[in-house]
file start13.txt (compact mmCIF, C-alpha atoms)
# COMPACT_ATOMS: atom_id res chain seq x y z
CA MET J 157 31.58 4.60 36.70
CA PHE J 158 31.59 4.82 32.93
CA THR J 159 29.23 1.88 32.43
CA GLN J 160 26.64 3.53 34.65
CA LEU J 161 26.65 6.44 32.22
CA CYS J 162 26.39 4.00 29.30
CA ASN J 163 23.45 2.09 30.73
CA LYS J 164 21.65 5.30 31.70
CA ILE J 165 22.01 6.76 28.20
CA PHE J 166 21.14 3.47 26.48
CA ASN J 167 17.92 3.25 28.49
CA GLN J 168 17.13 6.87 27.68
CA SER J 169 17.60 6.21 23.97
CA ILE J 170 15.40 3.10 24.07
CA LEU J 171 12.60 4.91 25.91
CA ASP J 172 12.83 7.90 23.55
CA TYR J 173 12.53 5.59 20.54
CA HIS J 174 9.52 3.74 21.94
CA ARG J 175 7.51 6.93 22.45
CA GLU J 176 6.75 6.70 18.71
CA ASN J 177 8.09 3.19 18.03
CA ASP J 178 8.63 4.01 14.36
CA VAL J 179 11.79 3.12 12.44
CA HIS J 180 11.31 6.24 10.28
CA GLN J 181 11.30 8.72 13.17
CA ALA J 182 14.15 11.18 13.39
CA ILE J 183 16.69 10.93 16.18
CA SER J 184 16.63 13.72 18.76
CA ASN J 185 20.00 13.42 20.48
CA PRO J 186 19.91 15.61 23.63
CA TYR J 187 23.67 15.65 24.18
CA GLU J 188 26.37 18.03 23.01
CA LYS J 189 27.69 16.81 19.68
CA SER J 190 31.32 16.78 20.79
CA SER J 191 30.60 14.72 23.93
CA ILE J 192 30.98 11.00 24.56
CA ALA J 193 27.35 11.02 25.75
CA HIS J 194 26.28 12.08 22.24
CA LEU J 195 28.12 9.10 20.74
CA LEU J 196 26.62 6.68 23.27
CA PHE J 197 23.08 7.90 22.56
CA LEU J 198 23.69 7.71 18.80
CA LYS J 199 25.16 4.22 19.13
CA ASN J 200 22.13 2.84 20.94
CA TRP J 201 19.66 4.65 18.68
CA ILE J 202 21.21 2.94 15.66
CA ASP J 203 20.96 -0.40 17.48
CA THR J 204 17.35 0.23 18.47
CA VAL J 205 16.21 1.11 14.95
CA GLN J 206 18.05 -1.91 13.57
CA TRP J 207 16.46 -4.17 16.21
CA HIS J 208 13.04 -3.24 14.87
CA LEU J 209 14.12 -3.51 11.24
CA GLU J 210 15.22 -7.08 12.01
CA ASP J 211 11.72 -7.74 13.40
CA ILE J 212 10.00 -6.24 10.36
CA ILE J 213 12.04 -8.14 7.79
CA ARG J 214 11.08 -11.45 9.42
CA ASP J 215 7.38 -10.93 8.70
CA PRO J 216 6.50 -13.94 6.47
CA LYS J 217 3.99 -11.77 4.59
CA ILE J 218 6.42 -8.98 3.78
CA ASP J 219 6.61 -7.84 0.15
CA PRO J 220 9.94 -9.04 -1.34
CA MET J 221 10.85 -5.58 -2.63
CA GLU J 222 10.17 -4.05 0.77
CA ALA J 223 12.33 -6.76 2.34
CA LEU J 224 15.16 -5.95 -0.07
CA GLY J 225 14.94 -2.28 0.82
CA ILE J 226 15.09 -3.10 4.53
CA LYS J 227 18.03 -5.47 4.01
CA ARG J 228 19.96 -2.65 2.36
CA TRP J 229 18.91 -0.32 5.17
CA ILE J 230 20.29 -2.86 7.68
CA ASP J 231 23.56 -3.00 5.73
CA ARG J 232 23.87 0.79 5.95
CA SER J 233 23.00 0.64 9.63
CA ASN J 234 25.73 -1.93 10.28
CA GLN J 235 28.28 0.38 8.68
CA GLU J 236 27.04 3.35 10.75
CA ARG J 237 27.22 1.21 13.89
CA THR J 238 30.82 0.26 13.12
CA ASP J 239 31.74 3.90 12.46
CA VAL J 240 30.30 5.03 15.80
CA VAL J 241 32.08 2.23 17.68
CA GLU J 242 35.35 3.41 16.16
CA TYR J 243 34.58 7.01 17.21
CA ILE J 244 34.02 5.77 20.77
CA ASP J 245 37.35 3.94 20.69
CA SER J 246 38.97 7.15 19.47
CA TYR J 247 37.66 8.83 22.63
CA PHE J 248 39.42 6.20 24.76
CA LEU J 249 42.62 6.35 22.71
CA GLU J 250 42.75 10.10 23.31
CA LYS J 251 41.88 9.75 27.00
CA TYR J 252 44.64 7.24 27.70
CA ASN J 253 47.26 8.40 25.21
CA THR J 254 49.66 9.56 27.93
CA VAL J 255 49.57 6.31 29.92
CA LYS J 256 52.93 4.54 30.00
CA PRO J 257 52.48 0.78 29.53
CA SER J 258 53.99 -1.51 32.17
CA ALA J 259 56.67 -4.01 31.25
CA ASP J 260 54.21 -6.90 31.22
CA VAL J 261 51.39 -5.04 29.45
CA SER J 262 48.91 -7.18 27.52
CA ILE J 263 46.22 -6.67 24.89
CA ASN J 264 42.55 -7.37 25.56
CA THR J 265 40.50 -9.57 23.23
CA GLU J 266 38.38 -6.56 22.25
CA SER J 267 38.56 -2.81 22.54
CA PRO J 268 36.47 -0.92 25.12
CA ALA J 269 34.05 0.35 22.48
CA TRP J 270 33.27 -3.13 21.13
CA ALA J 271 32.50 -4.27 24.67
CA ILE J 272 30.26 -1.20 25.03
CA ASP J 273 28.62 -2.22 21.75
CA ARG J 274 27.58 -5.49 23.45
CA LEU J 275 26.35 -3.52 26.47
CA SER J 276 24.09 -1.49 24.18
CA ILE J 277 22.58 -4.63 22.66
CA LEU J 278 22.07 -6.06 26.15
CA ALA J 279 20.06 -2.98 27.13
CA LEU J 280 17.75 -3.68 24.18
CA LYS J 281 17.42 -7.36 25.08
CA ILE J 282 16.53 -6.41 28.65
CA PHE J 283 13.92 -3.87 27.57
CA HIS J 284 12.18 -6.26 25.20
CA MET J 285 12.40 -9.27 27.52
CA GLN J 286 10.84 -7.12 30.25
CA GLU J 287 7.99 -6.38 27.83
CA GLU J 288 7.49 -10.10 27.24
CA ALA J 289 7.72 -10.95 30.93
CA THR J 290 4.86 -8.55 31.66
CA ARG J 291 2.79 -8.93 28.47
CA ALA J 292 -0.86 -9.05 29.52
CA ASP J 293 -2.05 -11.20 26.60
CA ALA J 294 0.68 -13.83 27.06
CA THR J 295 0.23 -17.06 29.01
CA PRO J 296 1.54 -17.32 32.57
CA GLU J 297 4.02 -19.91 31.32
CA HIS J 298 5.34 -17.49 28.68
CA ARG J 299 5.73 -14.69 31.20
CA ALA J 300 7.48 -16.97 33.69
CA ALA J 301 9.92 -18.26 31.05
CA CYS J 302 10.70 -14.70 29.96
CA GLN J 303 11.24 -13.62 33.56
CA LEU J 304 13.88 -16.32 33.95
CA LYS J 305 15.59 -15.11 30.78
CA LEU J 306 15.34 -11.52 32.01
CA ASN J 307 17.07 -12.45 35.26
CA ILE J 308 19.95 -13.95 33.29
CA LEU J 309 20.20 -10.87 31.05
CA LEU J 310 20.35 -8.59 34.08
CA GLU J 311 23.13 -10.71 35.55
CA GLN J 312 24.94 -10.59 32.21
CA GLN J 313 24.60 -6.80 32.14
CA LYS J 314 26.11 -6.57 35.63
CA ASP J 315 28.99 -8.89 34.73
CA LEU J 316 29.74 -7.14 31.44
CA SER J 317 29.65 -3.73 33.12
CA THR J 318 32.12 -4.99 35.74
CA ALA J 319 34.41 -6.42 33.05
CA ILE J 320 34.39 -3.12 31.12
CA GLU J 321 35.22 -1.16 34.28
CA THR J 322 38.09 -3.55 34.97
CA LEU J 323 39.39 -3.16 31.42
CA LEU J 324 39.28 0.64 31.62
CA ALA J 325 41.04 0.58 34.98
CA ASP J 326 43.73 -1.71 33.58
CA ILE J 327 44.25 0.57 30.58
CA ALA J 328 44.51 3.60 32.88
CA ALA J 329 47.07 1.75 35.00
CA GLY J 330 49.13 0.62 32.01
CA LYS J 331 48.33 -3.06 32.57
CA LYS J 332 46.42 -3.29 29.29
CA VAL J 333 47.08 -1.46 26.07
CA MET J 334 44.51 -0.46 23.48
CA LYS J 335 45.22 -1.63 19.97
CA VAL J 336 42.41 -0.73 17.63
CA TYR J 337 42.01 -2.26 14.19
CA LYS J 338 39.73 -0.34 11.88
CA GLN J 339 36.96 -2.63 10.69
CA MET J 340 37.75 -3.61 7.12
CA LYS J 341 34.25 -4.37 5.90
CA MET J 342 34.48 -5.60 2.34
CA TYR J 343 30.89 -5.98 1.20
CA ASN J 344 30.22 -2.23 1.06
CA ASP J 345 33.42 -1.41 -0.82
CA PRO J 346 33.04 -1.44 -4.62
CA SER J 347 36.75 -2.23 -4.96
CA LEU J 348 36.62 -5.27 -2.64
CA ASN J 349 33.21 -6.87 -3.22
CA PRO J 350 33.49 -9.11 -6.36
CA VAL J 351 29.79 -8.73 -7.13
CA LEU J 352 30.22 -4.95 -7.26
CA TYR J 353 33.52 -4.64 -9.10
CA LYS J 354 32.70 -7.38 -11.62
CA GLY J 355 29.39 -5.66 -12.27
CA GLU J 356 31.19 -2.49 -13.25
CA LYS J 357 32.88 -4.18 -16.23
call {"tool": "encode", "arguments": {"input": "start13.txt", "output": "structure tokens"}}
result
Amino acid sequence: MFTQLCNKIFNQSILDYHRENDVHQAISNPYEKSSIAHLLFLKNWIDTVQWHLEDIIRDPKIDPMEALGIKRWIDRSNQERTDVVEYIDSYFLEKYNTVKPSADVSINTESPAWAIDRLSILALKIFHMQEEATRADATPEHRAACQLKLNILLEQQKDLSTAIETLLADIAAGKKVMKVYKQMKMYNDPSLNPVLYKGEK
């Protein structure tokens, strides 16, 4: 099952990151660059670094200039994340490009890659909630509350994985058709962000 591969690689990426637990560390992607596994590892690595940047920027004592630098880093990260999601969708478009749609074919609310994007974030939530549920210096009440949340996250991961498998099966059978819209982010484009193009005058 494809989602088993996703969850395995996402967990691998998260564990690899936490060996150093440093947002500045370089990625060491173990998969062949042309493979879908490479894209999945890269996708989760971007998410993992950004997860920790979001933690850092919420420090009430952070220097404002450092916070600005991190905010811009997060903006770049969001664009990279979107690019990788679109590469993953390209993989599926190529894989299913010979499938003949059925007469009553329908479109899903999101593409496979954007559902996989949510699966990647769920893997991070599970990892960090597991940390909180077993944190030695936390109160028993805190650990118990986090364990309840962890149980829900694990159920959500199972349900989302099942939904993705169903979507892929429906696409393969011609019951669903992929229709991918390239993300038209405006804030990074100097020709579309008024603050940027007015500043050029």
call {"tool": "closest_residue", "arguments": {"input": "start13.txt", "among": "J:Val336, J:Val261, J:Ala319, J:Leu275", "to": "Tyr243 in chain J", "atoms": "all atoms listed in the file"}}
result
J:Val336
call {"tool": "closest_residue", "arguments": {"input": "start13.txt", "among": "J:Phe166, J:Asn185, J:Ile327, J:Ile282", "to": "Ser262 in chain J", "atoms": "only C-alpha atoms"}}
result
J:Ile327
call {"tool": "residues_around", "arguments": {"input": "start13.txt", "residues": "Val205 in chain J", "least_positions_apart": "6", "cutoff": "12 Å", "atoms": "all atoms listed in the file", "output": "JSON, numbers by chain"}}
result
{"J": [169, 170, 172, 173, 174, 176, 177, 178, 179, 180, 181, 182, 183, 198, 199, 211, 212, 226, 229, 230, 232, 233, 234, 236, 237, 277, 280]}
call {"tool": "residues_around", "arguments": {"input": "start13.txt", "residues": "Asp245 in chain J", "least_positions_apart": "5", "cutoff": "10 Å", "atoms": "all atoms listed in the file", "output": "PyMOL selection string"}}
result
chain J and resi 239-240+250-251+267-270+272+334-336
call {"tool": "atom_distance", "arguments": {"input": "start13.txt", "atom1": "CA of Lys164 in chain J", "atom2": "CA of Leu310 in chain J"}}
result
14.2 Å
call {"tool": "atom_distance", "arguments": {"input": "start13.txt", "atom1": "CA of Lys331 in chain J", "atom2": "CA of Lys256 in chain J"}}
result
9.2 Å
call {"tool": "closest_residue", "arguments": {"input": "start13.txt", "among": "J:Ile192, J:Cys302, J:Pro216, J:Asn163", "to": "Ser246 in chain J", "atoms": "all atoms listed in the file"}}
result
J:Ile192
call {"tool": "closest_residue", "arguments": {"input": "start13.txt", "among": "J:Trp207, J:Leu278, J:Gln235, J:Arg291", "to": "Lys314 in chain J", "atoms": "only C-alpha atoms"}}
result
J:Leu278
call {"tool": "atom_distance", "arguments": {"input": "start13.txt", "atom1": "CA of Glu321 in chain J", "atom2": "CA of Gln160 in chain J"}}
result
9.8 Å
call {"tool": "residues_near_point", "arguments": {"input": "start13.txt", "point": "(31.1, 9.0, 24.5)", "cutoff": "8 Å", "atoms": "all atoms listed in the file", "output": "VMD selection string"}}
result
chain J and resid 191 to 196 244 247
call {"tool": "write_last_selection", "arguments": {"input": "start13.txt", "atoms": "C-alpha atoms", "output": "short mmCIF file (atom, residue, chain, number, x, y, z; two decimals), keeping the file's coordinate frame"}}
result
data_model
loop_
_atom_site.label_atom_id
_atom_site.label_comp_id
_atom_site.auth_asym_id
_atom_site.auth_seq_id
_atom_site.Cartn_x
_atom_site.Cartn_y
_atom_site.Cartn_z
CA SER J 191 30.60 14.72 23.93
CA ILE J 192 30.98 11.00 24.56
CA ALA J 193 27.35 11.02 25.75
CA HIS J 194 26.28 12.08 22.24
CA LEU J 195 28.12 9.10 20.74
CA LEU J 196 26.62 6.68 23.27
CA ILE J 244 34.02 5.77 20.77
CA TYR J 247 37.66 8.83 22.63
#
call {"tool": "closest_residue", "arguments": {"input": "start13.txt", "among": "J:Leu171, J:Leu316, J:Met285, J:Ala328", "to": "Phe197 in chain J", "atoms": "all atoms listed in the file"}}
result
J:Leu171
call {"tool": "closest_residue", "arguments": {"input": "start13.txt", "among": "J:Ala223, J:Ala294, J:Cys162, J:Ala289", "to": "Asp273 in chain J", "atoms": "only C-alpha atoms"}}
result
J:Cys162
